[in-house]
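Participant: Take a look at the following structure, please.
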Amino acid sequence: MHRQYLYHAARKTVRVSGTTILGLPVSLALLGLTLTLPAAFAQDFAKNDARVDAILSQMTLDEKLGQMVQVDMGALHDKADVQKYFLGSVLSGGNSDPADNEPQTWLKAVNEFQTQALQTRLKIPLLYGIDAVHGHNNIDGAVVLPHHIGLGATHDPALMRQAEQVTAQEVAGTGIRWAFAPCIAVAQDERWGRTYESYGSDTALVGALGAEAVRGLQGDQLSSGPTSVLACAKHYIGDGGTQNGKDQGNDVCDEATLRKLYLPPYAAAIKAGVGSIMVSYSSWNGLKMHANRHLLTEVLKGELGFQGFLVSDWAAIDQISPDYKKDVEASINGGLDMIMIPAALGQPGNYAEFIADLKDLVNLGQVPQSRIDDAVRRILRIKVQMGLFENPWTDPALTAQIGSPEHRQVARQCVRESLVVLKNSGHALPLSKNLKHLVVAGPAADDLGLQCGGWTISWQGSTGAVTHGGTTLLTAIRQTVSSGTEVSYSADGQNLAGADAIIVVVGEKPYAEMFGDRTNVDLSVSDTALVQAAKATGAPVITVLYSGRPMVLGPVLKASQALIAAWLPGTEGTGVADVLFGDAHPTGKLPRPWPKNDQQLSAQFPSGKPLFPVGYGLTY
Ligand code: GLC
């Protein structure tokens, strides 16, 4: 699998560079040369320690403990609690939005929290974090990129960097300088509800794309630059390796396997200068990652030399044991530096309780003062590196760039390169733009919410016109064909007859995290029936699949003249139309095996040959 990735990546590199021999593109891998991406050196955040320790030496214990707390916007009793508890960070979880979802409203809300932080005694600036996991996806009108599984199919690290530069500009446009991205899971089992958040099942591919995503968000170096946004590689470690793909489940493997499959992308992210890493909910051989001192401290901070800070996942420490105070002790002593707390005052595990418990543990000597100082040092290193003390505000001119045509063009290119043509009998594709009568069928063909998937405007995503500025595939098709082509739309599969070709768009409803866990990945009965009804008309059927993972196609593959895996393309449906009608040639390659049946859902233990192997993809 590793070899195949290098082959395609090299070919992509060769083609991009245009190097040919005897007029034929030659893959470097064929020549036995391995592809080495330009490796910028890991950043030395410790160079800030003189200044950081000067601040640290002035801090009270309360001020130190406050820096280690990140509270969800929706859980804060009052904005003034940022000042009252000396909070180091506030986040917006998938459903935590200000009054309305407009960029200017976000900018105002984020700045109000920053103002509170700057009114504390030492004026330590706040870091605001958000899940910008495929563009700035919480914000209305922002460009929504393809989810990672589609970006993995591009095998294009340079494009990854460009895509995350767009994300960083839009995130900074709302006053925010921390994105909980990239997810660098190496997803092993399609039943996992977060398969689409992973670039694929190939460790080398995930590492190469993840490193460039970090550079896209942060820049070559994390800095005070107006669009240098702190990246957060997640979720350490083995989030995508749990048994049967159960979200937040248990990885059962020896340490050599854990290291071989899941550690290289973190080494690559650290080499790219990532400033924060989020810990996984999952367990390894029964021990919660959030309490695994060996992997958090000895391996990640010691062996790999990670100098940034570790942030917990959403109320993840609460899962360690039934005793919250013990959870606080185990996670902080394990190596967590900042704790993400969504619980409001009065609820179990809320931010006041966390601070009181941790203060108690320090005073009792159960959590060493040196551990607290190390955690706060790591957090302050990053805030100093980002220049937040000199300038805690973002450039308001960036707000206007949110959803700009230039940004949408980058997203459109991501869509084009993400599409994988799995079948193209009789060169059905590319379609002519001059067909007399084209029928487009399926609810997903004209639904931005289905096109974007989960983590879009809301945590779970939803159907319908969820955001402004995007283009559904139906609209894009209408914009692409000639004026002489009649395009009729049938959401439910009625009136398909008389077409010169039928484009059927099928796929998954939006979901996120554990709500996407499945026991099988079969296409729905209604989707299968829709494709078969189209086939029955006798017209050539072009099936476009919107899904967060490969799906067992059953009779749909045979019933389709051509079939494109479009993954979850995001707002720019134009990129799909570009490939359908030949304005762009398909270059996407599978980032993970495509199962023939439900017995082949684990990339680690596939039974028999997959329907299509990693690296498969047709072109014109
Ligand atoms: C979620 C996810 C994590 C996300 C965090 C904040 O549960 O596991 O990826 O960054 O909470 O929304």
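In the structure tokens, chains take letters A, B, ... by order of appearance, with residues numbered from 1 within each chain and ligands from 1 in the order shown.
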If DSSP is run on the backbone, what residues of stretch 390-609 of chain A are helix (DSSP H, G or I)? A reply as a PyMOL selection string would be ideal.
Facilitator: chain A and resi 396-401+405-418+425-427+443-446+448-452+473-480+513-516+525-536+556-559+574-580+598-600
Participant: What's around stretch 217-227 of chain A at 7 Å? Count only C-alpha atoms, leave out sequence neighbours fewer than 2 positions away in its own chain, and write the answer as a PDB file with all heavy atoms, in the first residue's frame.
Facilitator:
ATOM      1  N   GLN A  43       9.800  23.552  14.380  1.00  0.00           N
ATOM      2  CA  GLN A  43      10.030  24.862  14.967  1.00  0.00           C
ATOM      3  C   GLN A  43      10.571  24.718  16.382  1.00  0.00           C
ATOM      4  O   GLN A  43      10.183  23.818  17.111  1.00  0.00           O
ATOM      5  CB  GLN A  43       8.728  25.654  14.995  1.00  0.00           C
ATOM      6  CG  GLN A  43       8.357  26.163  13.637  1.00  0.00           C
ATOM      7  CD  GLN A  43       7.218  27.162  13.692  1.00  0.00           C
ATOM      8  OE1 GLN A  43       7.118  28.074  13.102  1.00  0.00           O
ATOM      9  NE2 GLN A  43       6.315  27.029  14.391  1.00  0.00           N
ATOM     10  N   GLU A 164      -5.590  24.845   2.974  1.00  0.00           N
ATOM     11  CA  GLU A 164      -5.579  25.264   4.379  1.00  0.00           C
ATOM     12  C   GLU A 164      -5.158  26.719   4.522  1.00  0.00           C
ATOM     13  O   GLU A 164      -5.482  27.371   5.520  1.00  0.00           O
ATOM     14  CB  GLU A 164      -4.697  24.328   5.209  1.00  0.00           C
ATOM     15  CG  GLU A 164      -5.208  22.904   5.274  1.00  0.00           C
ATOM     16  CD  GLU A 164      -6.644  22.779   5.822  1.00  0.00           C
ATOM     17  OE1 GLU A 164      -7.176  23.768   6.383  1.00  0.00           O
ATOM     18  OE2 GLU A 164      -7.249  21.709   5.659  1.00  0.00           O
ATOM     19  N   GLN A 165      -4.464  27.254   3.526  1.00  0.00           N
ATOM     20  CA  GLN A 165      -4.203  28.705   3.557  1.00  0.00           C
ATOM     21  C   GLN A 165      -5.515  29.465   3.431  1.00  0.00           C
ATOM     22  O   GLN A 165      -5.749  30.453   4.121  1.00  0.00           O
ATOM     23  CB  GLN A 165      -3.244  29.090   2.412  1.00  0.00           C
ATOM     24  CG  GLN A 165      -1.788  28.748   2.689  1.00  0.00           C
ATOM     25  CD  GLN A 165      -0.905  28.854   1.444  1.00  0.00           C
ATOM     26  OE1 GLN A 165      -1.401  28.804   0.310  1.00  0.00           O
ATOM     27  NE2 GLN A 165       0.400  28.968   1.652  1.00  0.00           N
ATOM     28  N   ALA A 168      -7.263  29.212   6.723  1.00  0.00           N
ATOM     29  CA  ALA A 168      -6.652  30.102   7.719  1.00  0.00           C
ATOM     30  C   ALA A 168      -7.110  31.538   7.511  1.00  0.00           C
ATOM     31  O   ALA A 168      -7.439  32.254   8.471  1.00  0.00           O
ATOM     32  CB  ALA A 168      -5.123  30.009   7.625  1.00  0.00           C
ATOM     33  N   GLN A 169      -7.181  31.974   6.246  1.00  0.00           N
ATOM     34  CA  GLN A 169      -7.620  33.340   5.983  1.00  0.00           C
ATOM     35  C   GLN A 169      -9.054  33.555   6.450  1.00  0.00           C
ATOM     36  O   GLN A 169      -9.404  34.578   7.025  1.00  0.00           O
ATOM     37  CB  GLN A 169      -7.483  33.649   4.490  1.00  0.00           C
ATOM     38  CG  GLN A 169      -6.027  33.841   4.051  1.00  0.00           C
ATOM     39  CD  GLN A 169      -5.856  33.742   2.546  1.00  0.00           C
ATOM     40  OE1 GLN A 169      -6.796  33.995   1.789  1.00  0.00           O
ATOM     41  NE2 GLN A 169      -4.660  33.365   2.105  1.00  0.00           N
ATOM     42  N   ALA A 172      -9.185  33.470  10.383  1.00  0.00           N
ATOM     43  CA  ALA A 172      -8.681  34.739  10.931  1.00  0.00           C
ATOM     44  C   ALA A 172      -9.683  35.864  10.655  1.00  0.00           C
ATOM     45  O   ALA A 172      -9.803  36.815  11.430  1.00  0.00           O
ATOM     46  CB  ALA A 172      -7.326  35.071  10.322  1.00  0.00           C
ATOM     47  N   ALA A 213      -0.923  20.392   5.430  1.00  0.00           N
ATOM     48  CA  ALA A 213      -2.085  21.091   6.004  1.00  0.00           C
ATOM     49  C   ALA A 213      -1.637  21.974   7.166  1.00  0.00           C
ATOM     50  O   ALA A 213      -2.066  23.126   7.301  1.00  0.00           O
ATOM     51  CB  ALA A 213      -3.116  20.073   6.484  1.00  0.00           C
ATOM     52  N   VAL A 214      -0.704  21.471   7.972  1.00  0.00           N
ATOM     53  CA  VAL A 214      -0.170  22.273   9.082  1.00  0.00           C
ATOM     54  C   VAL A 214       0.493  23.526   8.534  1.00  0.00           C
ATOM     55  O   VAL A 214       0.280  24.648   8.996  1.00  0.00           O
ATOM     56  CB  VAL A 214       0.837  21.452   9.916  1.00  0.00           C
ATOM     57  CG1 VAL A 214       1.620  22.336  10.883  1.00  0.00           C
ATOM     58  CG2 VAL A 214       0.116  20.336  10.675  1.00  0.00           C
ATOM     59  N   ARG A 215       1.313  23.351   7.482  1.00  0.00           N
ATOM     60  CA  ARG A 215       2.012  24.509   6.895  1.00  0.00           C
ATOM     61  C   ARG A 215       1.013  25.485   6.264  1.00  0.00           C
ATOM     62  O   ARG A 215       1.204  26.694   6.272  1.00  0.00           O
ATOM     63  CB  ARG A 215       3.038  24.038   5.861  1.00  0.00           C
ATOM     64  CG  ARG A 215       4.176  23.233   6.457  1.00  0.00           C
ATOM     65  CD  ARG A 215       5.277  22.927   5.451  1.00  0.00           C
ATOM     66  NE  ARG A 215       6.338  22.174   6.097  1.00  0.00           N
ATOM     67  CZ  ARG A 215       6.499  20.848   5.985  1.00  0.00           C
ATOM     68  NH1 ARG A 215       5.656  20.141   5.228  1.00  0.00           N
ATOM     69  NH2 ARG A 215       7.469  20.214   6.617  1.00  0.00           N
ATOM     70  N   VAL A 229      -2.505  30.699  11.585  1.00  0.00           N
ATOM     71  CA  VAL A 229      -3.500  30.124  12.497  1.00  0.00           C
ATOM     72  C   VAL A 229      -2.919  28.851  13.097  1.00  0.00           C
ATOM     73  O   VAL A 229      -2.402  27.991  12.377  1.00  0.00           O
ATOM     74  CB  VAL A 229      -4.802  29.823  11.718  1.00  0.00           C
ATOM     75  CG1 VAL A 229      -5.750  28.963  12.531  1.00  0.00           C
ATOM     76  CG2 VAL A 229      -5.483  31.135  11.314  1.00  0.00           C
ATOM     77  N   LEU A 230      -2.982  28.767  14.420  1.00  0.00           N
ATOM     78  CA  LEU A 230      -2.435  27.588  15.111  1.00  0.00           C
ATOM     79  C   LEU A 230      -3.167  26.329  14.648  1.00  0.00           C
ATOM     80  O   LEU A 230      -4.401  26.261  14.689  1.00  0.00           O
ATOM     81  CB  LEU A 230      -2.606  27.770  16.627  1.00  0.00           C
ATOM     82  CG  LEU A 230      -2.193  26.587  17.510  1.00  0.00           C
ATOM     83  CD1 LEU A 230      -0.694  26.289  17.376  1.00  0.00           C
ATOM     84  CD2 LEU A 230      -2.543  26.907  18.969  1.00  0.00           C
ATOM     85  N   ALA A 231      -2.387  25.340  14.181  1.00  0.00           N
ATOM     86  CA  ALA A 231      -2.964  24.055  13.769  1.00  0.00           C
ATOM     87  C   ALA A 231      -3.024  23.128  14.978  1.00  0.00           C
ATOM     88  O   ALA A 231      -2.369  23.377  16.001  1.00  0.00           O
ATOM     89  CB  ALA A 231      -2.109  23.434  12.662  1.00  0.00           C
ATOM     90  N   GLY A 273       6.057  21.810  12.272  1.00  0.00           N
ATOM     91  CA  GLY A 273       5.960  22.899  13.248  1.00  0.00           C
ATOM     92  C   GLY A 273       4.625  23.009  13.946  1.00  0.00           C
ATOM     93  O   GLY A 273       4.293  24.059  14.501  1.00  0.00           O
ATOM     94  N   GLN A 385       4.827  32.928  20.464  1.00  0.00           N
ATOM     95  CA  GLN A 385       5.218  32.642  19.072  1.00  0.00           C
ATOM     96  C   GLN A 385       4.267  33.307  18.089  1.00  0.00           C
ATOM     97  O   GLN A 385       4.661  33.747  17.010  1.00  0.00           O
ATOM     98  CB  GLN A 385       5.207  31.132  18.845  1.00  0.00           C
ATOM     99  CG  GLN A 385       5.660  30.689  17.460  1.00  0.00           C
ATOM    100  CD  GLN A 385       7.155  30.918  17.227  1.00  0.00           C
ATOM    101  OE1 GLN A 385       7.946  30.931  18.180  1.00  0.00           O
ATOM    102  NE2 GLN A 385       7.520  31.146  15.984  1.00  0.00           N
ATOM    103  N   MET A 386       2.988  33.374  18.465  1.00  0.00           N
ATOM    104  CA  MET A 386       1.956  33.931  17.564  1.00  0.00           C
ATOM    105  C   MET A 386       1.851  35.444  17.695  1.00  0.00           C
ATOM    106  O   MET A 386       1.023  36.077  17.053  1.00  0.00           O
ATOM    107  CB  MET A 386       0.609  33.271  17.849  1.00  0.00           C
ATOM    108  CG  MET A 386       0.591  31.779  17.553  1.00  0.00           C
ATOM    109  SD  MET A 386      -0.968  31.013  18.060  1.00  0.00           S
ATOM    110  CE  MET A 386      -2.055  31.631  16.768  1.00  0.00           C
ATOM    111  N   GLY A 387       2.658  36.024  18.576  1.00  0.00           N
ATOM    112  CA  GLY A 387       2.652  37.481  18.706  1.00  0.00           C
ATOM    113  C   GLY A 387       1.385  38.019  19.339  1.00  0.00           C
ATOM    114  O   GLY A 387       1.053  39.199  19.191  1.00  0.00           O
ATOM    115  N   THR A 394      -7.171  40.313  15.111  1.00  0.00           N
ATOM    116  CA  THR A 394      -6.899  39.960  13.717  1.00  0.00           C
ATOM    117  C   THR A 394      -7.217  41.163  12.833  1.00  0.00           C
ATOM    118  O   THR A 394      -7.824  42.134  13.280  1.00  0.00           O
ATOM    119  CB  THR A 394      -7.789  38.766  13.281  1.00  0.00           C
ATOM    120  OG1 THR A 394      -9.148  39.123  13.521  1.00  0.00           O
ATOM    121  CG2 THR A 394      -7.406  37.509  14.013  1.00  0.00           C
ATOM    122  N   ASP A 395      -6.814  41.057  11.581  1.00  0.00           N
ATOM    123  CA  ASP A 395      -6.990  42.160  10.631  1.00  0.00           C
ATOM    124  C   ASP A 395      -8.440  42.152  10.100  1.00  0.00           C
ATOM    125  O   ASP A 395      -8.826  41.217   9.401  1.00  0.00           O
ATOM    126  CB  ASP A 395      -5.999  41.951   9.475  1.00  0.00           C
ATOM    127  CG  ASP A 395      -6.181  42.995   8.379  1.00  0.00           C
ATOM    128  OD1 ASP A 395      -7.101  43.844   8.520  1.00  0.00           O
ATOM    129  OD2 ASP A 395      -5.416  42.958   7.397  1.00  0.00           O
TER     130      ASP A 395
END
Participant: With only C-alpha atoms as the counted atoms, please give the residues lying no more than 6 Å from stretch 74-80 of chain A, apart from itself and same-chain residues fewer than 4 positions off, as a PyMOL selection string.
Facilitator: chain A and resi 96+342-344
Participant: Taking the DSSP secondary structure from the backbone, can you list the residues of stretch 105-148 of chain A that are strand (DSSP E or B), as a PyMOL selection string?
Facilitator: chain A and resi 127-130+135+144
Participant: Write out as a list in words each polymer residue whose atoms come within 10 Å of A:Ala291, counting only C-alpha atoms; drop sequence neighbours fewer than 2 positions from it.
Facilitator: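 That gives Val279, Ser283, Leu287, Lys288, Met289, Arg293, His294, Leu295, Leu296, Ile317, Gln319, Ile320, Ser321, Asp327, Val328, Glu329, Ala330, Ser331, Ile332, Asn333, Gly334, Gly335 and Leu336 of chain A.
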Participant: Taking only C-alpha atoms and all ligand atoms into account, report as a PyMOL selection string which residues have an atom no farther than 8 Å from an atom of ligand 1.
Facilitator: chain A and resi 91-94+130-131+180-181+183+234-235+278+280-281+313-314+340+513
Participant: Residues of the last selection are to be written out with all heavy atoms, as a compact mmCIF listing (two decimals), in the first residue's frame.
Facilitator:
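The resulting result32.txt:
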# COMPACT_ATOMS: atom_id res chain seq x y z
N LEU A 91 -13.58 28.01 23.20
CA LEU A 91 -13.80 27.36 21.89
C LEU A 91 -15.26 27.47 21.50
O LEU A 91 -16.13 27.72 22.34
CB LEU A 91 -13.41 25.88 21.94
CG LEU A 91 -14.46 24.91 22.50
CD1 LEU A 91 -14.48 23.63 21.68
CD2 LEU A 91 -14.21 24.60 23.97
N SER A 92 -15.49 27.23 20.20
CA SER A 92 -16.84 26.99 19.72
C SER A 92 -16.88 25.55 19.24
O SER A 92 -16.24 25.20 18.24
CB SER A 92 -17.20 27.92 18.55
OG SER A 92 -17.61 29.16 19.05
N GLY A 93 -17.60 24.71 19.98
CA GLY A 93 -17.81 23.34 19.53
C GLY A 93 -18.74 23.35 18.33
O GLY A 93 -19.20 24.41 17.90
N GLY A 94 -19.05 22.18 17.80
CA GLY A 94 -19.81 22.09 16.56
C GLY A 94 -21.12 22.85 16.54
O GLY A 94 -21.61 23.24 15.48
N ILE A 130 -11.64 26.62 17.13
CA ILE A 130 -12.86 26.16 16.44
C ILE A 130 -12.51 25.02 15.49
O ILE A 130 -11.37 24.91 15.04
CB ILE A 130 -13.50 27.35 15.66
CG1 ILE A 130 -14.95 27.02 15.27
CG2 ILE A 130 -12.67 27.70 14.42
CD1 ILE A 130 -15.74 28.24 14.83
N ASP A 131 -13.53 24.19 15.19
CA ASP A 131 -13.32 23.06 14.27
C ASP A 131 -13.44 23.51 12.83
O ASP A 131 -14.46 23.27 12.18
CB ASP A 131 -14.35 21.95 14.55
CG ASP A 131 -14.10 21.30 15.87
OD1 ASP A 131 -13.16 20.48 15.95
OD2 ASP A 131 -14.81 21.64 16.84
N PHE A 180 -8.92 23.42 15.03
CA PHE A 180 -8.70 22.04 15.50
C PHE A 180 -8.58 21.14 14.27
O PHE A 180 -9.42 20.31 14.01
CB PHE A 180 -9.86 21.59 16.39
CG PHE A 180 -10.12 22.46 17.58
CD1 PHE A 180 -11.41 22.80 17.94
CD2 PHE A 180 -9.07 22.95 18.35
CE1 PHE A 180 -11.66 23.59 19.06
CE2 PHE A 180 -9.31 23.75 19.47
CZ PHE A 180 -10.60 24.07 19.82
N ALA A 181 -7.48 21.38 13.56
CA ALA A 181 -7.23 20.64 12.30
C ALA A 181 -5.74 20.69 12.04
O ALA A 181 -5.07 21.58 12.57
CB ALA A 181 -7.97 21.33 11.15
N CYS A 183 -7.14 16.73 11.12
CA CYS A 183 -7.28 15.38 11.67
C CYS A 183 -6.35 14.49 10.84
O CYS A 183 -6.44 14.44 9.63
CB CYS A 183 -8.73 14.91 11.53
SG CYS A 183 -8.97 13.21 12.04
N LYS A 234 -4.76 16.00 15.16
CA LYS A 234 -5.64 15.20 16.02
C LYS A 234 -6.07 13.92 15.34
O LYS A 234 -5.91 13.80 14.11
CB LYS A 234 -6.87 16.06 16.40
CG LYS A 234 -7.85 16.30 15.25
CD LYS A 234 -8.99 17.23 15.72
CE LYS A 234 -10.08 17.32 14.66
NZ LYS A 234 -11.18 18.20 15.04
N HIS A 235 -6.51 12.91 16.16
CA HIS A 235 -6.54 12.85 17.62
C HIS A 235 -5.52 11.79 18.04
O HIS A 235 -5.61 10.65 17.58
CB HIS A 235 -7.91 12.45 18.12
CG HIS A 235 -9.04 13.17 17.46
ND1 HIS A 235 -9.48 12.91 16.19
CD2 HIS A 235 -9.82 14.20 17.90
CE1 HIS A 235 -10.48 13.72 15.89
NE2 HIS A 235 -10.72 14.51 16.91
N MET A 278 -4.27 17.44 19.70
CA MET A 278 -5.45 17.06 20.50
C MET A 278 -5.40 15.55 20.75
O MET A 278 -5.10 14.77 19.84
CB MET A 278 -6.75 17.42 19.76
CG MET A 278 -8.01 17.19 20.60
SD MET A 278 -9.53 17.61 19.74
CE MET A 278 -9.38 19.38 19.60
N SER A 280 -6.82 11.77 21.74
CA SER A 280 -7.96 10.99 21.26
C SER A 280 -8.81 10.45 22.42
O SER A 280 -8.30 10.10 23.47
CB SER A 280 -7.45 9.80 20.42
OG SER A 280 -8.53 9.00 20.01
N TYR A 281 -10.10 10.37 22.18
CA TYR A 281 -11.03 9.73 23.15
C TYR A 281 -10.70 8.25 23.29
O TYR A 281 -11.00 7.64 24.30
CB TYR A 281 -12.46 9.78 22.61
CG TYR A 281 -13.22 11.05 22.74
CD1 TYR A 281 -13.57 11.79 21.60
CD2 TYR A 281 -13.67 11.52 23.97
CE1 TYR A 281 -14.32 12.94 21.70
CE2 TYR A 281 -14.43 12.68 24.07
CZ TYR A 281 -14.75 13.38 22.92
OH TYR A 281 -15.50 14.53 23.01
N ASP A 313 -9.77 16.36 24.35
CA ASP A 313 -10.97 16.46 23.55
C ASP A 313 -12.13 16.87 24.46
O ASP A 313 -11.99 17.00 25.68
CB ASP A 313 -11.23 15.13 22.81
CG ASP A 313 -12.04 15.34 21.54
OD1 ASP A 313 -12.82 16.33 21.50
OD2 ASP A 313 -11.89 14.57 20.58
N TRP A 314 -13.29 17.06 23.87
CA TRP A 314 -14.51 17.61 24.50
C TRP A 314 -14.96 16.74 25.67
O TRP A 314 -15.47 15.65 25.47
CB TRP A 314 -15.57 17.65 23.41
CG TRP A 314 -16.92 18.14 23.71
CD1 TRP A 314 -17.95 17.40 24.23
CD2 TRP A 314 -17.46 19.45 23.46
NE1 TRP A 314 -19.08 18.17 24.30
CE2 TRP A 314 -18.82 19.43 23.84
CE3 TRP A 314 -16.95 20.63 22.94
CZ2 TRP A 314 -19.63 20.55 23.73
CZ3 TRP A 314 -17.77 21.74 22.82
CH2 TRP A 314 -19.09 21.71 23.23
N MET A 340 -10.30 20.79 27.60
CA MET A 340 -11.49 21.33 26.93
C MET A 340 -12.72 20.99 27.76
O MET A 340 -13.02 19.81 27.98
CB MET A 340 -11.62 20.68 25.54
CG MET A 340 -12.71 21.24 24.68
SD MET A 340 -12.92 20.34 23.14
CE MET A 340 -11.40 20.73 22.29
N GLU A 513 -18.96 12.03 13.83
CA GLU A 513 -18.50 11.23 14.96
C GLU A 513 -19.32 9.94 15.14
O GLU A 513 -19.64 9.27 14.16
CB GLU A 513 -18.47 12.10 16.22
CG GLU A 513 -17.55 13.31 16.06
CD GLU A 513 -17.27 14.04 17.35
OE1 GLU A 513 -16.90 13.39 18.34
OE2 GLU A 513 -17.40 15.28 17.38
Participant: Within 8 Å of A:Val505, counting only C-alpha atoms, which residues show up once you throw out same-chain ones fewer than 3 positions away? Write them as a list in words, please.
Facilitator: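 Counting only the stated atoms, we get Val440, Ala441, Gly442, Pro443, Ala444, Ala445, Thr543, Val544, Leu545 and Tyr546 of chain A.
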Participant: Show which residues sit within 6 Å of stretch 467-472 of chain A, as a PyMOL selection string. Count only C-alpha atoms, and ignore same-chain residues fewer than 3 positions away.
Facilitator: chain A and resi 140-141+446+448+475+571-573
Participant: Could you save the residues just selected, with N, CA, C and O atoms, as a PDB file, in the first residue's frame?
Facilitator:
ATOM      1  N   ASP A 140     -21.633  30.908   8.246  1.00  0.00           N
ATOM      2  CA  ASP A 140     -22.481  31.059   7.062  1.00  0.00           C
ATOM      3  C   ASP A 140     -21.720  31.828   5.984  1.00  0.00           C
ATOM      4  O   ASP A 140     -21.153  32.886   6.254  1.00  0.00           O
ATOM      5  N   GLY A 141     -21.704  31.279   4.776  1.00  0.00           N
ATOM      6  CA  GLY A 141     -21.052  31.976   3.661  1.00  0.00           C
ATOM      7  C   GLY A 141     -19.592  31.634   3.486  1.00  0.00           C
ATOM      8  O   GLY A 141     -18.967  32.022   2.496  1.00  0.00           O
ATOM      9  N   ASP A 446     -29.352  18.376  -5.702  1.00  0.00           N
ATOM     10  CA  ASP A 446     -29.656  19.800  -5.514  1.00  0.00           C
ATOM     11  C   ASP A 446     -29.770  20.123  -4.031  1.00  0.00           C
ATOM     12  O   ASP A 446     -30.725  20.773  -3.595  1.00  0.00           O
ATOM     13  N   LEU A 448     -27.227  21.334  -0.867  1.00  0.00           N
ATOM     14  CA  LEU A 448     -25.892  21.727  -0.409  1.00  0.00           C
ATOM     15  C   LEU A 448     -25.522  21.004   0.880  1.00  0.00           C
ATOM     16  O   LEU A 448     -24.373  20.642   1.105  1.00  0.00           O
ATOM     17  N   THR A 475     -27.195  22.912 -10.130  1.00  0.00           N
ATOM     18  CA  THR A 475     -26.957  24.277 -10.607  1.00  0.00           C
ATOM     19  C   THR A 475     -25.709  24.326 -11.469  1.00  0.00           C
ATOM     20  O   THR A 475     -25.677  24.946 -12.536  1.00  0.00           O
ATOM     21  N   THR A 571     -19.005  23.041  -0.763  1.00  0.00           N
ATOM     22  CA  THR A 571     -19.893  24.004  -1.422  1.00  0.00           C
ATOM     23  C   THR A 571     -19.691  24.100  -2.928  1.00  0.00           C
ATOM     24  O   THR A 571     -20.575  24.591  -3.630  1.00  0.00           O
ATOM     25  N   GLU A 572     -18.529  23.684  -3.451  1.00  0.00           N
ATOM     26  CA  GLU A 572     -18.243  23.953  -4.864  1.00  0.00           C
ATOM     27  C   GLU A 572     -18.579  22.755  -5.759  1.00  0.00           C
ATOM     28  O   GLU A 572     -17.716  22.070  -6.301  1.00  0.00           O
ATOM     29  N   GLY A 573     -19.892  22.573  -5.977  1.00  0.00           N
ATOM     30  CA  GLY A 573     -20.350  21.502  -6.875  1.00  0.00           C
ATOM     31  C   GLY A 573     -19.851  21.707  -8.296  1.00  0.00           C
ATOM     32  O   GLY A 573     -19.858  20.788  -9.111  1.00  0.00           O
TER      33      GLY A 573
END
Participant: Mind pulling up the distance from atom CA of A:Tyr511 to atom CA of A:Pro569?
Facilitator: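 Straight-line distance from atom CA of A:Pro569 to atom CA of A:Tyr511 works out to 14.6 Å.
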Participant: Could you jot down the atom CA of A:Val420 to atom CA of A:Ala497 separation for me, Å, one decimal place?
Facilitator: 27.9 Å
Participant: What is the distance between atom CA of A:Tyr85 and atom CA of A:Arg377, in Å to one decimal?
Facilitator: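 Value for the atom CA of A:Tyr85-atom CA of A:Arg377 distance: 18.1 Å.
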Participant: Fewer than 5 positions away in the same chain doesn't count, so skip those; otherwise give me all residues within 9 Å of A:Gln116, counting only C-alpha atoms, as a PyMOL selection string.
Facilitator: chain A and resi 79-84+111+126
Participant: Nearest to A:Gly548: which of A:Gly346, A:Gly516, A:Pro613, A:Gly286 is it, counting only C-alpha atoms?
Facilitator: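 Among A:Gly346, A:Gly516, A:Pro613, A:Gly286, it is A:Gly516 that comes nearest to A:Gly548.
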Participant: Would you mind telling me which residue in A:Arg518, A:Lys433, A:Lys423, A:Arg408 lies nearest to A:Val541 when using only C-alpha atoms?
Facilitator: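 Closest to A:Val541, using only C-alpha atoms: A:Lys423.
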Participant: Would you mind telling me which residue in A:Asp447, A:Glu417, A:Asp360, A:Asp100 lies nearest to A:Gly588 when using only C-alpha atoms?
Facilitator: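 Closest to A:Gly588 of all the choices is A:Glu417.
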Participant: From the set A:Met551, A:Leu419, A:Ala42, A:Val521, which residue has the shortest atom-to-atom contact distance to A:Gly150, counting only C-alpha atoms?
Facilitator: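 Closest to A:Gly150, using only C-alpha atoms: A:Leu419.
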